[in-house]
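One file, start.cif, is given below (mmCIF, C-alpha atoms and all ligand atoms).
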```cif
data_my_file
loop_
_atom_site.label_atom_id
_atom_site.label_comp_id
_atom_site.auth_asym_id
_atom_site.auth_seq_id
_atom_site.Cartn_x
_atom_site.Cartn_y
_atom_site.Cartn_z
CA MET A 1 -56.16 47.04 82.92
CA ALA A 2 -57.96 49.86 84.76
CA PHE A 3 -58.12 52.08 81.73
CA ALA A 4 -59.03 50.49 78.42
CA PRO A 5 -58.25 52.57 75.35
CA VAL A 6 -60.85 52.58 72.58
CA TYR A 7 -59.87 49.81 70.16
CA LEU A 8 -59.83 51.03 66.56
CA ASP A 9 -57.47 48.45 65.08
CA TRP A 10 -59.79 45.58 64.16
CA ASN A 11 -57.86 44.77 60.98
CA ALA A 12 -54.83 43.88 63.13
CA THR A 13 -56.75 41.48 65.32
CA THR A 14 -60.11 41.21 67.07
CA PRO A 15 -61.09 40.40 70.64
CA LEU A 16 -62.34 36.87 71.17
CA ASP A 17 -66.09 36.63 70.63
CA PRO A 18 -67.66 35.55 73.97
CA ALA A 19 -69.51 32.67 72.26
CA VAL A 20 -66.23 31.47 70.77
CA ARG A 21 -64.60 31.55 74.19
CA GLU A 22 -67.51 29.58 75.60
CA ALA A 23 -67.13 26.89 72.93
CA MET A 24 -63.37 26.66 73.53
CA LEU A 25 -63.45 26.44 77.33
CA PRO A 26 -64.12 22.68 77.69
CA TRP A 27 -61.13 22.03 75.36
CA LEU A 28 -58.96 24.16 77.64
CA GLY A 29 -60.09 22.16 80.66
CA ALA A 30 -61.89 25.21 81.96
CA ALA A 31 -65.53 24.08 81.77
CA GLU A 32 -67.42 20.91 82.60
CA PRO A 33 -67.23 18.38 81.18
CA ALA A 34 -63.55 19.06 80.50
CA ARG A 35 -62.52 17.69 77.12
CA PHE A 36 -59.19 16.69 75.71
CA GLY A 37 -57.83 14.15 73.34
CA ASN A 38 -55.64 13.54 70.35
CA ALA A 39 -57.97 13.52 67.36
CA SER A 40 -56.01 10.58 65.92
CA SER A 41 -56.45 8.35 69.00
CA ARG A 42 -58.68 5.31 68.61
CA HIS A 43 -60.57 5.62 71.88
CA GLU A 44 -63.41 7.73 73.21
CA TYR A 45 -61.22 10.77 73.99
CA GLY A 46 -59.79 10.70 70.49
CA ARG A 47 -63.21 10.19 68.91
CA GLN A 48 -64.58 13.23 70.75
CA ALA A 49 -61.67 15.37 69.63
CA ARG A 50 -62.09 14.13 66.04
CA ALA A 51 -65.82 14.87 66.14
CA ALA A 52 -65.11 18.40 67.38
CA VAL A 53 -62.58 19.00 64.59
CA ASP A 54 -65.00 17.60 62.00
CA GLU A 55 -67.82 19.79 63.27
CA ALA A 56 -65.56 22.86 63.10
CA ARG A 57 -64.49 21.93 59.58
CA ALA A 58 -68.13 21.72 58.53
CA ARG A 59 -68.79 25.14 60.07
CA VAL A 60 -65.86 26.81 58.31
CA ALA A 61 -66.82 25.19 55.01
CA ALA A 62 -70.48 26.26 55.33
CA ALA A 63 -69.45 29.83 56.14
CA VAL A 64 -67.64 30.17 52.80
CA GLY A 65 -69.80 27.85 50.69
CA ALA A 66 -67.13 25.18 50.32
CA HIS A 67 -67.11 21.46 50.92
CA ALA A 68 -65.72 20.28 54.27
CA THR A 69 -63.11 18.17 52.49
CA GLU A 70 -61.73 21.36 50.92
CA VAL A 71 -60.77 22.90 54.30
CA VAL A 72 -57.18 22.41 55.49
CA PHE A 73 -56.59 23.76 58.99
CA THR A 74 -53.35 25.68 59.52
CA SER A 75 -51.80 27.86 62.21
CA GLY A 76 -53.27 30.95 60.54
CA GLY A 77 -53.35 33.06 57.42
CA SER A 78 -49.58 33.27 57.01
CA GLU A 79 -49.18 29.51 56.95
CA ALA A 80 -52.12 29.04 54.57
CA ASN A 81 -50.63 31.55 52.10
CA ASN A 82 -47.25 29.83 52.31
CA LEU A 83 -48.88 26.43 51.90
CA PHE A 84 -50.57 27.45 48.68
CA LEU A 85 -47.58 29.15 47.05
CA LYS A 86 -44.78 26.85 48.16
CA GLY A 87 -46.94 23.74 48.25
CA ALA A 88 -48.25 24.16 44.70
CA ALA A 89 -44.88 25.29 43.30
CA ALA A 90 -43.19 22.20 44.72
CA THR A 91 -45.33 19.99 42.48
CA MET A 92 -44.54 21.90 39.26
CA LYS A 93 -41.63 22.76 37.01
CA PRO A 94 -40.38 26.30 37.77
CA ALA A 95 -42.47 28.85 35.87
CA LEU A 96 -44.00 32.31 36.46
CA VAL A 97 -45.66 33.24 39.75
CA ALA A 98 -47.59 36.53 39.78
CA VAL A 99 -48.82 38.26 42.93
CA SER A 100 -50.27 41.73 43.25
CA GLY A 101 -47.99 44.54 44.36
CA ILE A 102 -50.13 45.14 47.45
CA GLU A 103 -50.16 41.65 48.96
CA HIS A 104 -49.45 41.03 52.63
CA PRO A 105 -45.79 40.05 53.20
CA CYS A 106 -46.90 36.46 53.86
CA VAL A 107 -47.79 36.22 50.16
CA ARG A 108 -45.03 38.39 48.70
CA GLU A 109 -42.19 36.76 50.64
CA PRO A 110 -42.97 33.12 49.79
CA ALA A 111 -43.49 34.18 46.15
CA ARG A 112 -40.07 35.85 46.27
CA GLN A 113 -38.52 32.77 47.84
CA LEU A 114 -39.69 30.64 44.92
CA GLN A 115 -37.12 32.48 42.81
CA ARG A 116 -34.41 30.47 44.57
CA GLY A 117 -35.92 27.35 43.01
CA GLY A 118 -35.86 28.83 39.52
CA TRP A 119 -39.27 30.50 39.47
CA THR A 120 -39.78 33.96 38.01
CA MET A 121 -41.79 36.26 40.25
CA ARG A 122 -43.75 39.18 38.95
CA GLU A 123 -45.72 41.79 40.91
CA ILE A 124 -48.97 42.86 39.29
CA ALA A 125 -49.29 46.66 39.25
CA VAL A 126 -52.18 48.51 40.85
CA ASP A 127 -53.63 51.88 39.87
CA ALA A 128 -53.73 55.02 42.02
CA GLN A 129 -56.79 53.70 43.87
CA GLY A 130 -55.11 50.38 44.64
CA ARG A 131 -57.09 48.28 42.15
CA ILE A 132 -55.36 45.84 39.79
CA ALA A 133 -54.15 47.83 36.76
CA ILE A 134 -55.86 46.26 33.77
CA GLU A 135 -53.03 46.79 31.27
CA ASP A 136 -50.47 45.19 33.51
CA TRP A 137 -52.89 42.36 34.28
CA GLN A 138 -53.30 41.68 30.55
CA ALA A 139 -49.50 41.58 30.20
CA VAL A 140 -49.27 39.12 33.11
CA LEU A 141 -51.87 36.86 31.51
CA ALA A 142 -50.00 36.98 28.20
CA ALA A 143 -46.89 35.75 30.03
CA ARG A 144 -48.83 32.60 31.08
CA PRO A 145 -48.32 32.41 34.85
CA ARG A 146 -48.81 29.05 36.55
CA LEU A 147 -49.57 30.51 39.98
CA VAL A 148 -51.42 33.76 40.72
CA SER A 149 -52.36 35.29 44.05
CA VAL A 150 -54.45 38.46 44.46
CA MET A 151 -56.00 39.43 47.77
CA LEU A 152 -59.76 39.93 48.02
CA ALA A 153 -59.48 42.92 50.39
CA ASN A 154 -56.36 44.87 51.30
CA ASN A 155 -55.53 45.06 55.00
CA GLU A 156 -54.50 48.74 54.86
CA THR A 157 -56.78 50.51 52.38
CA GLY A 158 -59.62 47.96 52.53
CA VAL A 159 -59.74 48.02 48.71
CA LEU A 160 -61.60 45.12 47.09
CA GLN A 161 -60.58 43.42 43.87
CA ASP A 162 -62.87 41.87 41.28
CA ILE A 163 -61.61 38.40 42.13
CA ALA A 164 -64.28 36.48 40.20
CA THR A 165 -63.19 38.11 36.93
CA LEU A 166 -59.45 37.88 37.65
CA ALA A 167 -59.74 34.23 38.70
CA ALA A 168 -61.70 33.26 35.58
CA GLN A 169 -59.17 34.98 33.32
CA ALA A 170 -56.16 33.47 35.11
CA ARG A 171 -57.65 30.00 35.04
CA ALA A 172 -58.38 30.38 31.33
CA VAL A 173 -54.63 30.71 30.69
CA GLY A 174 -53.82 27.67 32.83
CA ALA A 175 -52.95 29.24 36.21
CA TRP A 176 -54.00 28.12 39.67
CA PHE A 177 -55.58 31.20 41.25
CA HIS A 178 -55.41 31.89 44.99
CA THR A 179 -56.95 34.71 46.98
CA ASP A 180 -56.03 35.86 50.47
CA ALA A 181 -59.48 36.48 51.96
CA VAL A 182 -58.21 37.08 55.51
CA GLN A 183 -59.46 40.68 55.65
CA ALA A 184 -62.55 40.21 53.50
CA PHE A 185 -64.14 37.29 55.30
CA GLY A 186 -66.68 38.45 57.87
CA LYS A 187 -66.82 41.95 56.36
CA ILE A 188 -68.12 41.25 52.85
CA GLU A 189 -69.73 38.12 51.41
CA THR A 190 -66.91 35.64 50.77
CA LYS A 191 -67.97 32.51 48.90
CA PHE A 192 -65.41 30.07 47.56
CA ARG A 193 -67.41 28.86 44.54
CA ALA A 194 -68.85 32.23 43.56
CA LEU A 195 -65.33 33.68 43.53
CA GLY A 196 -64.22 30.84 41.26
CA VAL A 197 -60.79 30.59 42.88
CA ASN A 198 -58.74 27.41 43.30
CA ALA A 199 -57.65 28.31 46.81
CA MET A 200 -58.52 30.83 49.48
CA THR A 201 -56.96 31.80 52.81
CA LEU A 202 -58.83 32.48 56.07
CA SER A 203 -57.63 33.49 59.52
CA ALA A 204 -59.56 33.00 62.78
CA HIS A 205 -58.32 35.97 64.77
CA LYS A 206 -59.65 38.53 62.30
CA VAL A 207 -63.24 37.34 62.89
CA GLY A 208 -63.50 36.94 66.66
CA GLY A 209 -61.69 33.61 66.76
CA PRO A 210 -58.44 32.71 68.53
CA LEU A 211 -54.96 33.69 67.40
CA GLY A 212 -53.02 30.91 65.71
CA ALA A 213 -55.75 29.22 63.67
CA GLY A 214 -56.70 29.53 60.03
CA ALA A 215 -57.35 27.54 56.91
CA LEU A 216 -56.52 27.08 53.29
CA VAL A 217 -59.73 26.29 51.43
CA VAL A 218 -58.50 24.45 48.40
CA ASP A 219 -59.97 22.81 45.35
CA LYS A 220 -58.97 19.12 45.27
CA ARG A 221 -57.58 19.41 41.74
CA VAL A 222 -54.73 21.58 43.07
CA GLU A 223 -51.87 19.29 43.93
CA LEU A 224 -50.02 20.52 47.00
CA SER A 225 -46.88 19.34 48.70
CA PRO A 226 -47.08 19.82 52.49
CA LEU A 227 -44.89 22.34 54.31
CA ILE A 228 -44.98 20.16 57.41
CA ALA A 229 -44.59 16.42 56.93
CA GLY A 230 -45.22 13.91 59.68
CA GLY A 231 -48.22 11.99 60.92
CA GLY A 232 -50.36 12.88 57.90
CA GLN A 233 -53.08 14.97 59.53
CA GLU A 234 -55.21 17.25 57.34
CA ARG A 235 -55.20 14.80 54.40
CA GLY A 236 -51.42 14.73 54.61
CA LEU A 237 -51.25 18.44 53.82
CA ARG A 238 -50.43 19.64 57.32
CA SER A 239 -49.05 17.19 59.83
CA GLY A 240 -49.17 17.89 63.54
CA THR A 241 -51.62 17.03 66.31
CA GLU A 242 -54.61 19.31 65.81
CA ASN A 243 -55.08 22.29 68.13
CA VAL A 244 -58.63 21.24 68.94
CA ALA A 245 -59.52 24.24 71.14
CA ALA A 246 -58.41 26.74 68.49
CA ILE A 247 -60.09 24.83 65.67
CA VAL A 248 -63.36 24.61 67.62
CA GLY A 249 -63.17 28.36 68.27
CA PHE A 250 -62.43 29.05 64.61
CA GLY A 251 -65.53 27.10 63.53
CA VAL A 252 -67.84 28.99 65.86
CA ALA A 253 -66.21 32.32 64.93
CA CYS A 254 -66.89 31.69 61.23
CA GLU A 255 -70.52 30.86 61.84
CA ARG A 256 -71.03 33.98 63.96
CA ALA A 257 -69.15 36.23 61.57
CA VAL A 258 -71.42 35.21 58.71
CA ALA A 259 -74.60 35.56 60.80
CA ARG A 260 -73.90 39.17 61.78
CA ARG A 261 -72.09 40.31 58.63
CA ALA A 262 -74.83 42.08 56.68
CA ASP A 263 -76.11 44.17 59.61
CA GLU A 264 -72.63 44.97 60.83
CA ALA A 265 -71.52 46.07 57.39
CA LEU A 266 -74.32 48.65 57.22
CA ARG A 267 -73.70 49.92 60.74
CA LEU A 268 -69.95 50.18 60.31
CA ALA A 269 -70.15 51.79 56.87
CA ALA A 270 -72.29 54.58 58.34
CA LEU A 271 -69.74 55.16 61.14
CA ARG A 272 -66.89 54.97 58.64
CA ASP A 273 -68.58 57.62 56.46
CA GLU A 274 -69.08 59.91 59.45
CA LEU A 275 -65.43 59.49 60.39
CA GLU A 276 -64.24 60.16 56.85
CA GLN A 277 -66.28 63.33 56.64
CA ALA A 278 -64.75 64.62 59.85
CA LEU A 279 -61.24 63.68 58.71
CA GLY A 280 -61.85 65.34 55.35
CA ALA A 281 -62.90 68.54 57.11
CA LEU A 282 -59.52 68.53 58.90
CA GLY A 283 -57.72 68.29 55.55
CA ALA A 284 -57.04 64.54 55.51
CA ARG A 285 -56.48 62.67 52.28
CA ILE A 286 -58.43 59.40 52.33
CA PHE A 287 -56.62 56.73 50.35
CA SER A 288 -58.63 54.70 47.81
CA ALA A 289 -61.63 56.93 48.52
CA THR A 290 -63.36 56.20 45.20
CA ALA A 291 -62.63 52.44 45.02
CA PRO A 292 -64.92 49.68 46.32
CA ARG A 293 -63.73 49.11 49.88
CA LEU A 294 -64.41 47.21 53.10
CA PRO A 295 -67.07 48.91 55.22
CA ASN A 296 -64.88 49.16 58.34
CA THR A 297 -61.56 50.61 57.17
CA VAL A 298 -60.28 54.18 56.79
CA PHE A 299 -56.69 54.77 55.67
CA PHE A 300 -55.68 58.41 55.53
CA ALA A 301 -52.91 60.97 55.93
CA LEU A 302 -52.73 64.61 56.94
CA PRO A 303 -50.26 66.80 55.07
CA GLU A 304 -47.10 67.55 57.06
CA ILE A 305 -48.02 65.24 59.96
CA ASP A 306 -46.06 62.05 60.55
CA GLY A 307 -48.24 58.93 60.94
CA GLU A 308 -46.15 57.36 63.71
CA THR A 309 -46.27 60.59 65.73
CA LEU A 310 -50.01 60.86 65.27
CA VAL A 311 -50.62 57.24 66.30
CA GLY A 312 -48.41 57.77 69.39
CA LYS A 313 -50.36 60.87 70.41
CA LEU A 314 -53.68 59.12 69.83
CA ASP A 315 -52.47 56.19 71.91
CA ARG A 316 -51.73 58.53 74.81
CA ALA A 317 -55.16 60.10 74.33
CA GLY A 318 -56.77 56.65 74.71
CA PHE A 319 -57.30 55.46 71.14
CA ALA A 320 -55.61 52.41 69.61
CA CYS A 321 -55.16 52.70 65.86
CA ALA A 322 -52.40 51.77 63.40
CA SER A 323 -49.87 53.70 61.38
CA GLY A 324 -49.25 52.65 57.79
CA SER A 325 -45.60 51.87 58.38
CA ALA A 326 -43.87 48.54 58.46
CA CYS A 327 -42.13 48.56 61.83
CA SER A 328 -39.94 45.50 61.39
CA SER A 329 -36.88 47.71 60.91
CA ALA A 330 -35.44 50.46 63.13
CA GLN A 331 -36.41 53.03 60.51
CA PRO A 332 -40.11 52.49 59.74
CA GLU A 333 -40.71 52.07 56.03
CA PRO A 334 -43.74 53.73 54.41
CA SER A 335 -46.56 51.36 53.49
CA HIS A 336 -45.68 49.28 50.45
CA THR A 337 -49.36 49.32 49.49
CA LEU A 338 -49.31 53.11 49.20
CA LEU A 339 -46.01 53.13 47.35
CA ALA A 340 -47.43 50.58 44.88
CA MET A 341 -50.35 52.98 44.35
CA GLY A 342 -47.87 55.70 43.41
CA VAL A 343 -48.34 57.73 46.61
CA GLU A 344 -45.25 59.86 47.29
CA PRO A 345 -43.17 58.46 50.21
CA ALA A 346 -43.48 61.77 52.11
CA VAL A 347 -47.29 61.47 52.03
CA ALA A 348 -47.21 57.73 52.76
CA ARG A 349 -45.23 58.42 55.95
CA GLY A 350 -48.30 60.24 57.25
CA ALA A 351 -50.60 57.25 56.87
CA VAL A 352 -52.87 56.18 59.71
CA ARG A 353 -55.38 53.31 59.65
CA VAL A 354 -58.56 53.26 61.69
CA SER A 355 -60.48 49.98 61.49
CA LEU A 356 -63.81 49.39 63.20
CA GLY A 357 -65.42 46.17 64.38
CA ARG A 358 -68.35 44.50 66.06
CA ASP A 359 -67.92 46.24 69.44
CA THR A 360 -67.22 49.71 68.05
CA LEU A 361 -69.82 52.18 69.33
CA ALA A 362 -70.96 55.38 67.61
CA ASP A 363 -70.02 57.25 70.77
CA GLU A 364 -66.44 55.93 70.55
CA VAL A 365 -66.09 57.11 66.98
CA ARG A 366 -67.40 60.56 67.95
CA ARG A 367 -65.00 60.77 70.90
CA PHE A 368 -62.21 59.76 68.56
CA ILE A 369 -63.16 62.54 66.14
CA ALA A 370 -63.12 65.13 68.96
CA SER A 371 -59.77 63.94 70.34
CA PHE A 372 -58.28 63.66 66.89
CA ALA A 373 -59.13 67.28 66.11
CA GLY A 374 -57.40 68.31 69.35
CA VAL A 375 -54.29 66.22 68.69
CA VAL A 376 -53.99 67.53 65.13
CA GLY A 377 -54.41 71.11 66.36
CA GLU A 378 -51.56 70.58 68.85
CA LEU A 379 -49.28 69.06 66.22
CA ARG A 380 -50.02 71.90 63.79
CA ASN A 381 -49.29 74.48 66.50
CA LEU A 382 -45.99 72.79 67.26
CA ALA A 383 -45.15 72.77 63.57
CA SER A 384 -45.91 76.48 63.18
CA VAL A 385 -43.85 77.35 66.31
CA ALA A 386 -40.96 75.33 64.91
CA VAL A 387 -40.99 77.28 61.62
C1 LIG B 1 -54.33 40.29 54.35
C2 LIG B 1 -53.70 39.44 55.39
N1 LIG B 1 -53.22 38.24 55.06
C3 LIG B 1 -52.66 37.43 55.95
C4 LIG B 1 -52.51 37.81 57.27
C5 LIG B 1 -51.83 36.89 58.22
O1 LIG B 1 -52.74 36.13 58.96
P1 LIG B 1 -52.27 35.45 60.34
O2 LIG B 1 -52.07 36.58 61.30
O3 LIG B 1 -53.40 34.56 60.71
O4 LIG B 1 -51.03 34.71 60.05
C6 LIG B 1 -52.98 39.07 57.66
C7 LIG B 1 -52.82 39.51 59.06
O5 LIG B 1 -52.43 40.62 59.35
C8 LIG B 1 -53.58 39.90 56.70
O6 LIG B 1 -54.05 41.11 57.01
#
```

Using the file provided, produce a representation of the structure as structure tokens.
Ligand SMILES: Cc1ncc(COP(=O)(O)O)c(C=O)c1O
Amino acid sequence: MAFAPVYLDWNATTPLDPAVREAMLPWLGAAEPARFGNASSRHEYGRQARAAVDEARARVAAAVGAHATEVVFTSGGSEANNLFLKGAAATMKPALVAVSGIEHPCVREPARQLQRGGWTMREIAVDAQGRIAIEDWQAVLAARPRLVSVMLANNETGVLQDIATLAAQARAVGAWFHTDAVQAFGKIETKFRALGVNAMTLSAHKVGGPLGAGALVVDKRVELSPLIAGGGQERGLRSGTENVAAIVGFGVACERAVARRADEALRLAALRDELEQALGALGARIFSATAPRLPNTVFFALPEIDGETLVGKLDRAGFACASGSACSSAQPEPSHTLLAMGVEPAVARGAVRVSLGRDTLADEVRRFIASFAGVVGELRNLASVAV
């Protein structure tokens, strides 16, 4: 690609960290000594593959303060979320499952699917800032859920929840508590024990690792039925020959994400603040502005300007960012996170997400601000001509 647009969509995915790539290359046959093997084979090739998987497991566990035996490798965050909800539900009598109203679809959909098996599903309300609404939470607890899932950080607004408190309260009424930490890990401190959750989801590609790898970190007391049965890999919880290259990359990515996290968070928060000030001066409404949030994420809308149109114009101007719409249908739907926060659909249709990451430079953010002002000026001119 001769011309590389500035990448401002780090919550969608991240480029592979060069050190991760380096660690993966031998397992792709692309560096000496080339390595391969089925981690279940009882010969030297198999033993090397097993050792690599074990080392990666130890790295992932150390990064989140868990025990290596608590890490179950999956194909990513979506599978880990499904494994927790469907896997735990399959071992219980149908009861109440409660998930927040702002979860990623890979939590909401499996929770919804449980209804076919007789479960009742309830969405926990959030307030106007996107934080769990305390009154509704108390009502959920009173209804004695058996399974609860609340994300640590939201992928759109970046809003953080007080997971330690929610988990303690849910566990006190007999629920297994899961958190989707896919967006939080690598951006804020994410420790399994300190959070007090029974299960937690991670994804490699959000932290400089490869696409298609992730993990469910899960307390051994939680009984799970596997989604994929077969040869019994991953303690019988996820059969299938391990993707050694991806798992090795995931392990290194976790270690590196934790090592740079604190410095990066400070650097990115300063850039984020500068960006928000500039957006505010142009009349943007910043969603969840007063809530605790990830340091790298800005979710905003400009009155009267459509988010999809804005993202398209920015794309042509050389900046890759995301609109807040779900594009799975022909007619893009406004962000369900914003709707759950009570934002009017007309405003939600204007939503744009800018998310920064380890390679984002101050100069890129400033160029974005300048271009953005130009693009918005053009769109406003067009709107006034049209009137
Ligand atoms: C909050 C959250 N959970 C889960 C996922 C899914 O993870 P994966 O892409 O690894 O399946 C994403 C990815 O967009 C996400 O943002």

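CA of Ser355 (chain A) sits 12.4 Å away from CA of Ala265 (chain A).
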
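Each of A:Met341, A:Ala12, A:Ala215, A:Leu96 was compared to ligand LIG 1 (chain B) using only C-alpha atoms and all ligand atoms, and A:Ala12 turns out to be the nearest.
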
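Proximity ranking of A:Ile228, A:Val99, A:Val252, A:Val150 relative to Ala181 (chain A) places A:Val150 first, based on only C-alpha atoms.
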
Skip region 244-248 of chain A itself and residues of its chain fewer than 2 positions away, then list as an NGL selection string all residues within 8 Å of it, counting only C-alpha atoms. :A and (23-25 or 27-28 or 39 or 49 or 52-53 or 55-56 or 73 or 209-213 or 242 or 250-252)

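Candidate residues A:Arg366, A:Arg358, A:Arg144, A:Lys206 were compared for distance to Phe185 (chain A), and the nearest is A:Lys206, using all atoms listed in the file.
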
Once you count only C-alpha atoms and all ligand atoms, which residues end up within 10 Å of ligand LIG 1 (chain B), and could you hand them over as a PyMOL selection string? chain A and resi 11-13+74-82+102-107+151-156+158+179-184+201-206+210-215

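Going from CA of Ile163 (chain A) over to CA of Ile124 (chain A), you cover 13.7 Å.
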
Excluding Gln169 (chain A) and its own-chain neighbours fewer than 4 positions away, which residues fall within 8 Å of it when counting all atoms listed in the file? Please give them as a ChimeraX atom specification. /A:141,165,173

May I have the protein, DNA and RNA residues with an atom at most 9 Å from (-63.6, 55.7, 56.7), counting all atoms listed in the file in the file's coordinates, returned as a VMD selection string? chain A and resid 269 to 277 279 286 289 295 to 300 354 to 355

Write out as a CSV table (one decimal) with C-alpha atoms, in the coordinates of the input each polymer residue whose atoms come within 8 Å of region 126-138 of chain A, counting only C-alpha atoms; drop sequence neighbours fewer than 5 positions from it.
```csv
chain,number,residue,atom,x,y,z
A,100,SER,CA,-50.3,41.7,43.2
A,101,GLY,CA,-48.0,44.5,44.4
A,102,ILE,CA,-50.1,45.1,47.4
A,157,THR,CA,-56.8,50.5,52.4
A,159,VAL,CA,-59.7,48.0,48.7
A,160,LEU,CA,-61.6,45.1,47.1
A,161,GLN,CA,-60.6,43.4,43.9
A,287,PHE,CA,-56.6,56.7,50.4
A,288,SER,CA,-58.6,54.7,47.8
A,289,ALA,CA,-61.6,56.9,48.5
A,290,THR,CA,-63.4,56.2,45.2
A,291,ALA,CA,-62.6,52.4,45.0
A,337,THR,CA,-49.4,49.3,49.5
A,338,LEU,CA,-49.3,53.1,49.2
A,340,ALA,CA,-47.4,50.6,44.9
A,341,MET,CA,-50.4,53.0,44.4
A,342,GLY,CA,-47.9,55.7,43.4
A,343,VAL,CA,-48.3,57.7,46.6
```
